[in-house]
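Below is one structure, written out as structure tokens; comments come after it.
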Amino acid sequence: MGKSAMQSVVDDWLEVYKQDRDAALLDLISFFIQCSGCQGLVTAEMFQSKQKNEVMQKMTESFDEETGLQYKRFMAYPWILTVTWRVDGDNGDYPLAMAGPQWKKFKCNLCEFLTVLIQQCEGSVIYDGYLVPVLITVLTELSNSRIRAFRHTGTLSALKVMTALVSVIANLRANIGNMQRLQNMEKKKMTGKKTSPQIDQLQQKKIKLQQKQQDIEDMTNAIFKGAFLQRYRDVIPEIRAICMEELGIWMKLHTGYFLNDNYLKYVGWMLYDKQPEVRLRCLLALQGLYSRKELIPKLSVFSKRFKGRIVSMILDEDKEIAVQAVRLVGLMSENCKDAINSKDCNTLHKLLYSTHRPLAAAAGDFLCKSLLPNGGSDQSRGNSFRRKGITRNAQHLKMLLTSYLDNKIHQHVTYLVDSLWDSATNLLKDWECITTLLLKHCCHQEEVLSSAQESALIELLSAAVRQAAEGHPPPGRGTVRKVLTAKEKKLQSEDCMNVTQHFLVVLPRLLSKYSCDAEKVALLLQIPQHFDTDICSREHMAKHLDDILTQINHVTGNQSGDEVLEACSRTYQVFCQEGLPIYSRVKAALSQLIDDLVGKLDKLLDVCIKKGEGLCSDEETIFQMSSVLKKIAAFHNAHDLSKWNVNDRLSRILTVDTEHGRLPDQIIVPVVQCSYYSLMWQLSALLESPSSKENIFRLKIQMRRLCQTCRHLLTRECTAVREKGFSILCDILLIFSHKLQSDEVGERLVYIPDSSLESELLKFVQLEVFQESKVKREGSTPEENENDFEISKCEDVHKRRNLLAAYCKLIVFNVIETSAAAELYKQYIKYYGEFGDIIKETLSRTRQNDKLQSARTLIICLQQLFTNHMENSTSDATPQSLTSVKELARRFSLTFGWDQVKSRESVAMMHKDGIEFAFKDYCPTDESRPPSNLSFLTILNEFTYRLLAPDKRTVYCYLQRFVTQQTLACEGDEWLPLANYRNTLLACGDEDISVTKDSSLMDSSPEEHSKMLQMKLKFTSGNVNSTAACHRTPDLPLTPQLTSTAIKSRKRLWYEESSQANPTSSFCTEQVKSSSQSTEENSASVPSADIGLEDVDVDITDS
């Protein structure tokens, strides 16, 4: 509803009020009752008795059991109003509590109506002593009701009326101030007169205005005491939030009356509220106060009392509250002297690296305002330099670098740049200022950047260029990339153009200056990867492009670090794309670089490798060869170097390793890495275009030879060499697996690992992955020792996670047997924090491939753990001693989800294999001696509740094939697992299965008889595979995603319960048959093909 329409509605009501105010007021009261969602009846009776007791007896809110109606009776002088409605009207569904845009609009319209009503009455009926008092009485009575709908609607309406009245007070105060100024002016005009008619008139108007102000303040006091004080601690958080929001508005509108400690204390108290919505309203109210410097003196006592609570809220679990708390602390730091100390600032600086981007951006804004004057940006770009040659932005950058290096909180400049991007964009994108600081050689020592400052500034520059060119936050701040608007795309294009135009000229000088520093050069080489190639192709930019390529070649020749070489290769890859105008120029420079590297390699091979003697060289020559091989491998990763016949040279080196003993570790690693890249390029060429059988055979021989070399690397002493060999071997096995059988060429290249290779891979995982961290504490100080230890420990865990993920891919894509996963599942609980998500994802993927084989792997895992426990224990296993194995079984059972129908065959097969294992060596004739594996039933019992009722009976029938009635009657602790397992199977309500199993089948329908018989036949024959094909999923993509950062959606689980068991001790045949039939019908009604709940992501706690 528009504002003019709302005013016309209010004007029409006022006309009715002036003619018949009683009828108009009753209509208004009925309107509030209806706004509460109550479709009841409102009646009024005149107040006649003056006895207070008689009046109070009529004030009630009760329920009439005979009529089923709820009554609320209250006094609104001169009436006693009665509201009658049905009981089901208080079901929580009332307009203010409903969701949806229409109800949100309803709330806004209601608030607007009340505001316009008071505004339109401001000069007339608001002072008649009738309208507002009755309105206040009605609304306060509603706000004190036990009915939530009345209480919520009444509180909102009453407080909105009070807000409108406070606005009237503000207008009256302004008019009183005007009257006072006019009086002063008239007094100045008087020369000898003591008084004048104008002054008297102004004084009378002033007195009337003051009287009106006093009347309005009395009204607000009535609402505050009748509604606010009763409801600011209401059980409903929405009502408490309304109270805090409106109190903040009153303090801003009428600071002279409300802005004092008597009212501020309510906001301070509610900062401790348990509901985030209430705390948020308090923070927003305080922001409106602390943003006005003239109000700060009145907030001094409040600041001292509640500053600690406000600062602690920056770490609130609700991120929106933390954001608003940071902004409030920023206002307090800006306007309140010494309100925020250095300790509080350090806490805020840590939030710069928060994964929640709005919180990090708020912390970045605080840093800019507290550390960098004027927000850290200098808009006067024309006057860049001052007398001392240092720009204002340069000074700000130095301050920022000093703060970053002194805090030593995190070493993630990328996230620091993203946090400052919204508040200090001009500073971070001042490329001229940053490069001037890096290239400048100042005569004054205090103007020169230290080496640490240069490193931090270069890292900041690289991160800022990436942020400007891509327009997306760094990884971890946002699960998906946002879609850029047209304005953002235009700004991004302009930033790329500015970066290209500036750094095409400056970057060669920067590379030349820092060519000896590998860390700095690696960061600088990331800048040209964001260039606009169209600008690079312009004629006047050709010289600068050649200079950059020359410097890249120079850096490649002087540096051998992995990060530097990767950056050089990546830069050439960006520039050397077919179709670009600069392709021929860049391709020529790349060819020259590769020619030089291959030539150096040939010379070193001629010197080092002598016929019949193997590798003969000193340490310096080995280092040179290792360096050249690293460079060739780095470029071979992104570029096809087949025309240089690199593979022939690598084969020559590998021949020396095979025939004359092991090559040094620093040579064999890049050789194997480069051979792998060469193999991938050749495979890609074969699959893209037709090839001869000779080429296919040559590639197959090369692949087999590389696999054999990698297998030899697994036995090396150096850990890095073993890990590299394992990673490459896993990748080759995955790529050359049966997935290549899609065409004729790929079918000839398939490589299936033998059992010995599978054993070697599994042994490597057991020794290198599932072990305690070997990282040692090293450092000069305790703090450095702890920090370095944590960093090294995280890197070690990350490395082991990659190795485990590589092995799990082989299992998921059926390269190796699924049963090999049993060794991984054993470590699920012990290494849950490090590898729990990877193992869990592996279990989920293998279950999608083959449910029965996956379940069989689980039971094999549990059987092996049980056997190891029995062999290592000094006495017979008891249920108490199998706690760890039982816990693992419980975790496994949770992975089946809640759809029992979909997983029924898998669980049934596990029970079948488990029963056979438990009675493997049992002799029925010797009933005094229990089976040695009988305690395994305690573990198997964790999967019993996953069985449907008919399957429990079938499993019990299968159990009876191994035991007799006399065995079931045996007592003693050694037979306790069997008794517990039997009782759990009988929990479905069929304890006398041995007597009724045949009759239940005979009495059931033919369809049920067929289903039950089919399941029993599966148990008897061991074939539980009949329906496996219908649950198979399509082939998975070639590249799996086994990562800990994958966020899984929690779906609402749809579950249809089977028939509940009757808790009596014995059941007749008819009850068994009825239960079986009901369960089979429920099972048949579940559309298993439409519900993917078998691999539900279940939250697991290590309790």
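Chain labels run A, B, ... following the order of the structure tokens; each chain numbers its residues from 1, and ligands are numbered from 1 in the order shown.
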
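Close contacts of region 480-494 of chain A, defined as residues with an atom at most 8 Å away when counting only C-alpha atoms, with chain neighbours fewer than 4 positions off set aside, comprise Ala468, Ala469, Glu470, Gly471, His472 and Asn498 of chain A.
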
Hey, can you spit out that residue selection with C-alpha atoms as a short mmCIF file (atom, residue, chain, number, x, y, z; two decimals), in the first residue's frame?
data_model
loop_
_atom_site.label_atom_id
_atom_site.label_comp_id
_atom_site.auth_asym_id
_atom_site.auth_seq_id
_atom_site.Cartn_x
_atom_site.Cartn_y
_atom_site.Cartn_z
CA ALA A 468 41.77 -7.42 -9.57
CA ALA A 469 42.00 -9.70 -12.61
CA GLU A 470 39.75 -12.52 -11.42
CA GLY A 471 37.31 -10.67 -9.20
CA HIS A 472 36.77 -13.68 -6.93
CA ASN A 498 45.74 -1.30 -16.38
#

Next on the checklist: Which residues are close to Pro977 (chain A), i.e. within 8 Å by only C-alpha atoms, leaving aside same-chain residues fewer than 4 positions away? Reply as an MDAnalysis selection string.
Outcome noted: chainID A and resid 879 934:938 981

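Within region 914-957 of chain A, DSSP applied to the backbone places the following residues in alpha helix (DSSP H): Gly914, Ile915, Glu916, Phe917, Ala918, Phe936, Leu937, Thr938, Ile939, Leu940, Ala949, Pro950, Asp951, Lys952, Arg953, Thr954, Val955, Tyr956 and Cys957 of chain A.
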
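Taking CA of Glu758 (chain A) as the reference point, CA of Ala820 (chain A) is found at 8.4 Å.
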
Checklist entry - Using only C-alpha atoms, which residue out of A:Leu597, A:Cys568, A:Cys282, A:Ile696 lies closest to Arg240 (chain A)? => result A:Cys282

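Computed from the coordinates, the CA of Ser759 (chain A) to CA of Arg891 (chain A) distance equals 26.7 Å.
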
Item to check | Shell around region 573-579 of chain A at 12 Å using only C-alpha atoms, local window under 6 positions removed, as a count of residues only | outcome: 32
